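Student: Here you go, this is protein.cif (mmCIF, N, CA and C atoms).
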```
data_upload
#
loop_
_atom_site.label_atom_id
_atom_site.label_comp_id
_atom_site.auth_asym_id
_atom_site.auth_seq_id
_atom_site.Cartn_x
_atom_site.Cartn_y
_atom_site.Cartn_z
N MET P 707 4.99 18.80 -40.63
CA MET P 707 5.61 19.30 -39.42
C MET P 707 4.54 19.74 -38.43
N SER P 708 4.85 19.53 -37.19
CA SER P 708 3.88 19.97 -36.20
C SER P 708 4.07 21.45 -35.92
N ALA P 709 3.06 22.03 -35.35
CA ALA P 709 3.09 23.47 -35.08
C ALA P 709 4.17 23.82 -34.08
N SER P 710 4.40 22.94 -33.10
CA SER P 710 5.41 23.24 -32.09
C SER P 710 6.81 23.28 -32.70
N LEU P 711 7.09 22.39 -33.67
CA LEU P 711 8.40 22.41 -34.33
C LEU P 711 8.58 23.67 -35.17
N VAL P 712 7.52 24.09 -35.83
CA VAL P 712 7.59 25.31 -36.64
C VAL P 712 7.87 26.52 -35.75
N TYR P 713 7.15 26.61 -34.63
CA TYR P 713 7.37 27.72 -33.72
C TYR P 713 8.77 27.69 -33.12
N ALA P 714 9.26 26.48 -32.81
CA ALA P 714 10.60 26.38 -32.26
C ALA P 714 11.65 26.84 -33.26
N SER P 715 11.48 26.46 -34.53
CA SER P 715 12.45 26.89 -35.55
C SER P 715 12.36 28.39 -35.80
N LEU P 716 11.15 28.94 -35.78
CA LEU P 716 10.99 30.39 -35.94
C LEU P 716 11.62 31.15 -34.78
N ASP P 717 11.51 30.60 -33.58
CA ASP P 717 12.13 31.24 -32.42
C ASP P 717 13.64 31.28 -32.56
N LEU P 718 14.22 30.20 -33.11
CA LEU P 718 15.67 30.17 -33.31
C LEU P 718 16.10 31.22 -34.33
N VAL P 719 15.36 31.33 -35.41
CA VAL P 719 15.71 32.30 -36.45
C VAL P 719 15.53 33.72 -35.93
N ASP P 720 14.44 33.96 -35.22
CA ASP P 720 14.18 35.29 -34.69
C ASP P 720 15.20 35.67 -33.62
N ALA P 721 15.68 34.68 -32.88
CA ALA P 721 16.65 34.97 -31.83
C ALA P 721 17.93 35.51 -32.44
N ASP P 722 18.35 34.97 -33.60
CA ASP P 722 19.56 35.47 -34.26
C ASP P 722 19.37 36.88 -34.79
N ASN P 723 18.20 37.16 -35.33
CA ASN P 723 17.93 38.48 -35.92
C ASN P 723 17.73 39.55 -34.86
N ASN P 724 17.19 39.18 -33.74
CA ASN P 724 16.80 40.18 -32.74
C ASN P 724 17.80 40.30 -31.60
N LEU P 725 19.04 39.90 -31.81
CA LEU P 725 20.02 40.00 -30.73
C LEU P 725 20.28 41.46 -30.37
N ASN P 726 20.34 42.33 -31.36
CA ASN P 726 20.68 43.73 -31.11
C ASN P 726 19.47 44.57 -30.73
N LYS P 727 18.29 44.11 -31.06
CA LYS P 727 17.09 44.90 -30.79
C LYS P 727 16.59 44.63 -29.38
N ASP P 728 16.20 45.68 -28.71
CA ASP P 728 15.63 45.54 -27.39
C ASP P 728 14.12 45.61 -27.50
N LYS P 729 13.47 44.50 -27.29
CA LYS P 729 12.01 44.49 -27.31
C LYS P 729 11.51 44.16 -25.92
N LYS P 730 10.36 44.67 -25.64
CA LYS P 730 9.74 44.32 -24.37
C LYS P 730 9.22 42.90 -24.47
N LYS P 731 9.45 42.15 -23.43
CA LYS P 731 8.96 40.78 -23.42
C LYS P 731 7.48 40.79 -23.11
N LYS P 732 6.79 39.92 -23.76
CA LYS P 732 5.37 39.79 -23.49
C LYS P 732 5.20 39.12 -22.13
N SER P 733 4.23 39.58 -21.40
CA SER P 733 3.99 38.96 -20.11
C SER P 733 3.34 37.59 -20.33
N CYS P 734 3.96 36.62 -19.77
CA CYS P 734 3.42 35.26 -19.89
C CYS P 734 3.71 34.53 -18.59
N LYS P 735 3.16 33.40 -18.48
CA LYS P 735 3.39 32.61 -17.29
C LYS P 735 4.85 32.20 -17.22
N SER P 736 5.33 32.01 -16.02
CA SER P 736 6.74 31.66 -15.85
C SER P 736 7.02 30.30 -16.49
N ARG P 737 8.20 30.18 -17.01
CA ARG P 737 8.60 28.94 -17.65
C ARG P 737 9.35 28.07 -16.64
N GLY P 738 8.66 27.70 -15.60
CA GLY P 738 9.28 26.88 -14.57
C GLY P 738 9.17 25.41 -14.89
N ALA P 739 9.49 24.61 -13.90
CA ALA P 739 9.46 23.16 -14.09
C ALA P 739 8.04 22.65 -14.29
N LEU P 740 7.06 23.36 -13.74
CA LEU P 740 5.68 22.91 -13.89
C LEU P 740 5.18 23.07 -15.31
N ASP P 741 5.80 23.98 -16.07
CA ASP P 741 5.37 24.15 -17.45
C ASP P 741 5.83 22.99 -18.33
N LEU P 742 6.76 22.21 -17.84
CA LEU P 742 7.23 21.06 -18.62
C LEU P 742 6.24 19.91 -18.56
N ILE P 743 5.36 19.93 -17.57
CA ILE P 743 4.37 18.86 -17.43
C ILE P 743 3.23 19.14 -18.40
N PRO P 744 2.85 18.16 -19.22
CA PRO P 744 1.74 18.37 -20.16
C PRO P 744 0.45 18.69 -19.42
N LEU P 745 -0.44 19.39 -20.10
CA LEU P 745 -1.68 19.84 -19.46
C LEU P 745 -2.53 18.69 -18.96
N ASN P 746 -2.56 17.59 -19.70
CA ASN P 746 -3.43 16.49 -19.30
C ASN P 746 -2.83 15.66 -18.16
N HIS P 747 -1.60 15.96 -17.74
CA HIS P 747 -0.99 15.26 -16.61
C HIS P 747 -0.96 16.11 -15.35
N ARG P 748 -1.40 17.33 -15.43
CA ARG P 748 -1.34 18.23 -14.29
C ARG P 748 -2.54 18.06 -13.38
N LEU P 749 -2.30 18.26 -12.10
CA LEU P 749 -3.41 18.36 -11.15
C LEU P 749 -3.84 19.82 -11.14
N THR P 750 -5.10 20.05 -11.36
CA THR P 750 -5.58 21.43 -11.43
C THR P 750 -6.67 21.65 -10.41
N ASN P 751 -6.95 22.92 -10.17
CA ASN P 751 -8.06 23.28 -9.29
C ASN P 751 -9.36 23.13 -10.05
N ASN P 752 -10.44 23.41 -9.38
CA ASN P 752 -11.74 23.31 -10.03
C ASN P 752 -12.03 24.58 -10.83
N LYS P 753 -11.17 24.90 -11.74
CA LYS P 753 -11.39 26.06 -12.59
C LYS P 753 -12.23 25.65 -13.78
N LYS P 754 -12.87 26.63 -14.35
CA LYS P 754 -13.76 26.36 -15.46
C LYS P 754 -12.95 25.89 -16.66
N GLY P 755 -13.38 24.81 -17.26
CA GLY P 755 -12.74 24.33 -18.47
C GLY P 755 -11.57 23.39 -18.23
N LYS P 756 -11.18 23.20 -16.99
CA LYS P 756 -10.08 22.29 -16.69
C LYS P 756 -10.62 21.13 -15.87
N LYS P 757 -10.03 19.99 -16.07
CA LYS P 757 -10.47 18.82 -15.33
C LYS P 757 -9.60 18.67 -14.09
N SER P 758 -10.15 18.08 -13.07
CA SER P 758 -9.46 18.03 -11.79
C SER P 758 -8.75 16.71 -11.54
N ILE P 759 -8.67 15.87 -12.53
CA ILE P 759 -7.99 14.60 -12.34
C ILE P 759 -6.87 14.47 -13.35
N ILE P 760 -5.94 13.59 -13.03
CA ILE P 760 -4.86 13.33 -13.97
C ILE P 760 -5.39 12.38 -15.03
N GLN P 761 -5.19 12.73 -16.27
CA GLN P 761 -5.63 11.87 -17.36
C GLN P 761 -4.40 11.36 -18.09
N ARG P 762 -4.50 10.17 -18.57
CA ARG P 762 -3.42 9.63 -19.37
C ARG P 762 -3.77 9.84 -20.83
N SER P 763 -2.76 9.98 -21.61
CA SER P 763 -2.98 10.15 -23.04
C SER P 763 -3.59 8.88 -23.60
N SER P 764 -4.64 9.03 -24.39
CA SER P 764 -5.32 7.85 -24.92
C SER P 764 -4.71 7.40 -26.24
N LYS P 765 -3.70 8.11 -26.72
CA LYS P 765 -3.10 7.76 -27.99
C LYS P 765 -2.00 6.72 -27.77
N ILE P 766 -2.20 5.54 -28.31
CA ILE P 766 -1.16 4.53 -28.29
C ILE P 766 -1.05 3.96 -29.70
N ASN P 767 0.12 3.49 -30.02
CA ASN P 767 0.26 2.92 -31.35
C ASN P 767 0.00 1.42 -31.31
N VAL P 768 0.04 0.80 -32.47
CA VAL P 768 -0.31 -0.62 -32.59
C VAL P 768 0.68 -1.48 -31.82
N HIS P 769 1.95 -1.12 -31.87
CA HIS P 769 2.98 -1.91 -31.19
C HIS P 769 2.74 -1.93 -29.68
N GLU P 770 2.43 -0.77 -29.10
CA GLU P 770 2.16 -0.70 -27.67
C GLU P 770 0.89 -1.46 -27.30
N ALA P 771 -0.11 -1.41 -28.14
CA ALA P 771 -1.36 -2.13 -27.88
C ALA P 771 -1.12 -3.63 -27.88
N LYS P 772 -0.30 -4.11 -28.82
CA LYS P 772 0.01 -5.54 -28.86
C LYS P 772 0.78 -5.96 -27.62
N LYS P 773 1.69 -5.11 -27.15
CA LYS P 773 2.44 -5.42 -25.94
C LYS P 773 1.50 -5.54 -24.74
N GLN P 774 0.55 -4.61 -24.64
CA GLN P 774 -0.38 -4.64 -23.52
C GLN P 774 -1.24 -5.90 -23.55
N ILE P 775 -1.65 -6.30 -24.74
CA ILE P 775 -2.48 -7.51 -24.87
C ILE P 775 -1.68 -8.75 -24.50
N GLN P 776 -0.41 -8.80 -24.91
CA GLN P 776 0.42 -9.96 -24.60
C GLN P 776 0.72 -10.04 -23.11
N GLN P 777 0.88 -8.91 -22.47
CA GLN P 777 1.21 -8.91 -21.05
C GLN P 777 0.01 -9.17 -20.16
N TYR P 778 -1.18 -8.99 -20.69
CA TYR P 778 -2.39 -9.20 -19.89
C TYR P 778 -2.54 -10.67 -19.57
N LYS P 779 -2.71 -10.97 -18.31
CA LYS P 779 -2.89 -12.34 -17.86
C LYS P 779 -4.29 -12.45 -17.25
N ASP P 780 -5.01 -13.46 -17.68
CA ASP P 780 -6.38 -13.63 -17.21
C ASP P 780 -6.35 -14.17 -15.78
N PRO P 781 -6.88 -13.45 -14.80
CA PRO P 781 -6.79 -13.88 -13.41
C PRO P 781 -7.86 -14.89 -12.98
N THR P 782 -8.72 -15.31 -13.89
CA THR P 782 -9.83 -16.18 -13.47
C THR P 782 -9.35 -17.52 -12.95
N ASN P 783 -8.34 -18.12 -13.60
CA ASN P 783 -7.86 -19.43 -13.14
C ASN P 783 -7.27 -19.34 -11.74
N ASP P 784 -6.50 -18.29 -11.48
CA ASP P 784 -5.94 -18.11 -10.15
C ASP P 784 -7.03 -17.91 -9.11
N ASN P 785 -8.03 -17.14 -9.46
CA ASN P 785 -9.13 -16.89 -8.52
C ASN P 785 -9.92 -18.16 -8.23
N VAL P 786 -10.14 -18.98 -9.25
CA VAL P 786 -10.86 -20.24 -9.05
C VAL P 786 -10.06 -21.16 -8.14
N GLN P 787 -8.74 -21.23 -8.32
CA GLN P 787 -7.91 -22.07 -7.46
C GLN P 787 -7.97 -21.60 -6.01
N ARG P 788 -7.94 -20.31 -5.80
CA ARG P 788 -8.02 -19.78 -4.43
C ARG P 788 -9.36 -20.09 -3.79
N LEU P 789 -10.42 -19.96 -4.57
CA LEU P 789 -11.75 -20.28 -4.03
C LEU P 789 -11.87 -21.76 -3.69
N LEU P 790 -11.28 -22.62 -4.51
CA LEU P 790 -11.31 -24.05 -4.21
C LEU P 790 -10.53 -24.35 -2.94
N LEU P 791 -9.42 -23.67 -2.73
CA LEU P 791 -8.67 -23.87 -1.49
C LEU P 791 -9.48 -23.43 -0.28
N LEU P 792 -10.19 -22.33 -0.42
CA LEU P 792 -11.00 -21.86 0.70
C LEU P 792 -12.16 -22.79 1.00
N SER P 793 -12.76 -23.34 -0.04
CA SER P 793 -13.91 -24.21 0.18
C SER P 793 -13.50 -25.57 0.73
N SER P 794 -12.27 -26.00 0.45
CA SER P 794 -11.85 -27.32 0.91
C SER P 794 -11.32 -27.30 2.34
N SER P 795 -10.95 -26.14 2.85
CA SER P 795 -10.40 -26.09 4.20
C SER P 795 -11.51 -26.27 5.22
N LYS P 796 -11.22 -27.05 6.22
CA LYS P 796 -12.20 -27.31 7.27
C LYS P 796 -11.65 -26.78 8.59
N ILE P 797 -12.50 -26.13 9.33
CA ILE P 797 -12.10 -25.53 10.59
C ILE P 797 -12.66 -26.37 11.73
N ASN P 798 -11.84 -26.55 12.74
CA ASN P 798 -12.30 -27.26 13.93
C ASN P 798 -13.39 -26.45 14.61
N PRO P 799 -14.30 -27.12 15.28
CA PRO P 799 -15.35 -26.37 16.00
C PRO P 799 -14.78 -25.47 17.10
N ASP P 800 -13.67 -25.90 17.72
CA ASP P 800 -13.06 -25.06 18.76
C ASP P 800 -12.56 -23.74 18.17
N VAL P 801 -11.92 -23.85 17.02
CA VAL P 801 -11.37 -22.65 16.38
C VAL P 801 -12.51 -21.73 15.92
N SER P 802 -13.56 -22.32 15.38
CA SER P 802 -14.69 -21.49 14.94
C SER P 802 -15.36 -20.80 16.12
N ASP P 803 -15.45 -21.48 17.26
CA ASP P 803 -16.02 -20.86 18.45
C ASP P 803 -15.17 -19.67 18.92
N LYS P 804 -13.84 -19.84 18.86
CA LYS P 804 -12.95 -18.74 19.26
C LYS P 804 -13.13 -17.54 18.33
N ILE P 805 -13.24 -17.82 17.04
CA ILE P 805 -13.39 -16.73 16.07
C ILE P 805 -14.69 -15.97 16.32
N ILE P 806 -15.76 -16.71 16.57
CA ILE P 806 -17.06 -16.07 16.82
C ILE P 806 -17.01 -15.27 18.12
N GLU P 807 -16.37 -15.82 19.15
CA GLU P 807 -16.29 -15.13 20.43
C GLU P 807 -15.49 -13.83 20.30
N ARG P 808 -14.38 -13.88 19.56
CA ARG P 808 -13.57 -12.68 19.35
C ARG P 808 -14.35 -11.63 18.55
N ALA P 809 -15.13 -12.10 17.59
CA ALA P 809 -15.90 -11.17 16.78
C ALA P 809 -16.98 -10.49 17.61
N LEU P 810 -17.57 -11.22 18.53
CA LEU P 810 -18.62 -10.64 19.37
C LEU P 810 -18.05 -9.63 20.36
N LYS P 811 -16.89 -9.94 20.92
CA LYS P 811 -16.30 -9.05 21.92
C LYS P 811 -15.43 -7.97 21.28
N ARG P 812 -15.11 -8.12 20.00
CA ARG P 812 -14.30 -7.17 19.25
C ARG P 812 -12.94 -6.91 19.88
N ARG P 813 -12.37 -7.91 20.44
CA ARG P 813 -11.01 -7.80 20.96
C ARG P 813 -10.40 -9.19 21.02
N ILE P 814 -9.11 -9.22 21.10
CA ILE P 814 -8.41 -10.50 21.15
C ILE P 814 -8.49 -11.03 22.57
N ILE P 815 -8.86 -12.27 22.67
CA ILE P 815 -8.97 -12.90 23.97
C ILE P 815 -7.64 -13.56 24.29
N LYS P 816 -7.10 -13.20 25.43
CA LYS P 816 -5.81 -13.77 25.81
C LYS P 816 -6.01 -15.20 26.28
N LYS P 817 -5.02 -15.98 25.97
CA LYS P 817 -5.09 -17.38 26.38
C LYS P 817 -4.92 -17.46 27.89
N GLU P 818 -5.74 -18.28 28.48
CA GLU P 818 -5.64 -18.48 29.91
C GLU P 818 -4.65 -19.60 30.17
N VAL P 819 -3.63 -19.26 30.91
CA VAL P 819 -2.60 -20.25 31.22
C VAL P 819 -3.02 -20.97 32.49
N LYS P 820 -3.19 -22.24 32.37
CA LYS P 820 -3.59 -23.03 33.54
C LYS P 820 -2.34 -23.37 34.33
N LYS P 821 -2.35 -22.92 35.56
CA LYS P 821 -1.21 -23.19 36.43
C LYS P 821 -1.43 -24.53 37.12
N VAL P 822 -0.50 -25.38 36.88
CA VAL P 822 -0.58 -26.69 37.52
C VAL P 822 0.18 -26.60 38.83
N GLU P 823 -0.54 -26.83 39.89
CA GLU P 823 0.10 -26.74 41.20
C GLU P 823 0.82 -28.05 41.47
N GLU P 824 2.11 -27.90 41.53
CA GLU P 824 2.92 -29.09 41.79
C GLU P 824 3.08 -29.23 43.30
N GLU P 825 3.13 -30.45 43.72
CA GLU P 825 3.34 -30.69 45.14
C GLU P 825 4.78 -30.33 45.48
N VAL P 826 4.92 -29.69 46.62
CA VAL P 826 6.26 -29.29 47.04
C VAL P 826 6.99 -30.54 47.53
N LYS P 827 8.05 -30.80 46.86
CA LYS P 827 8.83 -31.99 47.24
C LYS P 827 10.04 -31.54 48.05
N THR P 828 10.23 -32.18 49.14
CA THR P 828 11.37 -31.85 49.98
C THR P 828 12.17 -33.10 50.27
N VAL P 829 13.34 -32.84 50.75
CA VAL P 829 14.22 -33.96 51.09
C VAL P 829 13.85 -34.51 52.46
N PHE P 830 13.19 -33.66 53.26
CA PHE P 830 12.86 -34.06 54.61
C PHE P 830 11.55 -34.83 54.64
N THR P 831 11.46 -35.73 55.57
CA THR P 831 10.23 -36.50 55.76
C THR P 831 9.40 -35.83 56.85
N GLU P 832 8.22 -36.37 57.09
CA GLU P 832 7.33 -35.82 58.12
C GLU P 832 7.97 -35.95 59.50
N GLU P 833 8.70 -37.03 59.72
CA GLU P 833 9.34 -37.23 61.03
C GLU P 833 10.39 -36.14 61.27
N ASP P 834 11.12 -35.76 60.21
CA ASP P 834 12.13 -34.72 60.35
C ASP P 834 11.48 -33.39 60.73
N PHE P 835 10.33 -33.09 60.14
CA PHE P 835 9.63 -31.85 60.46
C PHE P 835 9.16 -31.85 61.91
N GLN P 836 8.70 -32.97 62.36
CA GLN P 836 8.26 -33.06 63.76
C GLN P 836 9.44 -32.87 64.71
N ASN P 837 10.58 -33.42 64.36
CA ASN P 837 11.78 -33.23 65.18
C ASN P 837 12.20 -31.75 65.21
N PHE P 838 12.10 -31.07 64.06
CA PHE P 838 12.45 -29.65 64.01
C PHE P 838 11.52 -28.83 64.90
N GLU P 839 10.24 -29.17 64.87
CA GLU P 839 9.27 -28.44 65.68
C GLU P 839 9.57 -28.64 67.16
N ALA P 840 9.94 -29.85 67.51
CA ALA P 840 10.20 -30.15 68.91
C ALA P 840 11.45 -29.41 69.39
N GLU P 841 12.45 -29.27 68.54
CA GLU P 841 13.68 -28.60 68.93
C GLU P 841 13.51 -27.09 69.04
N TYR P 842 12.74 -26.51 68.15
CA TYR P 842 12.67 -25.06 68.09
C TYR P 842 11.45 -24.46 68.80
N VAL P 843 10.61 -25.25 69.40
CA VAL P 843 9.47 -24.71 70.11
C VAL P 843 9.97 -24.27 71.48
N PHE P 844 9.58 -23.06 71.91
CA PHE P 844 10.06 -22.52 73.17
C PHE P 844 9.28 -23.04 74.31
#
```
Show the structure stored in the file as structure tokens.

Tutor:
Amino acid sequence: MSASLVYASLDLVDADNNLNKDKKKKSCKSRGALDLIPLNHRLTNNKKGKKSIIQRSSKINVHEAKKQIQQYKDPTNDNVQRLLLLSSSKINPDVSDKIIERALKRRIIKKEVKKVEEEVKTVFTEEDFQNFEAEYVF
């Protein structure tokens, strides 16, 4: 039996015997929700003798170890495939120039929209315009 089980059973027996007796309670830390967290899972301050990081229990049984080994997938094949994809891709010189230019200026360069000036098409001919000018000139 573990010590915690022995103490728990003794507490139960003592609780029945000491119902009528009034004893002063020993001062101890509050039994709040934080006391339910095991010591090695708590975040602590830099106090002497306590570690400041969360540690996981290093005790695992054989069944759990076998599960972890079976679930482990070797990532080397995936990484090699990704590297091959990167090495086989070819970039156009225009695209590489844009990338270098953006890297030098450290900002995204907006695309310049070339405005094509279209000729104004009208229903009227040059002769019609001349007639309008002649009519409306004072």

Student: Could you tell me how far atom CA of Lys765 of chain P lies from atom CA of Leu745 of chain P, in Å and to one decimal?

Tutor: 14.9 Å

Student: Which distance in Å separates atom CA of Ser795 of chain P and atom N of Arg813 of chain P, to one decimal?

Tutor: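 It comes out at 24.5 Å.
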
Student: Could you tell me how far atom N of Lys817 of chain P sits from atom CA of Ile805 of chain P, in Å to one decimal place?

Tutor: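 Separation between atom CA of Ile805 of chain P and atom N of Lys817 of chain P: 13.0 Å.
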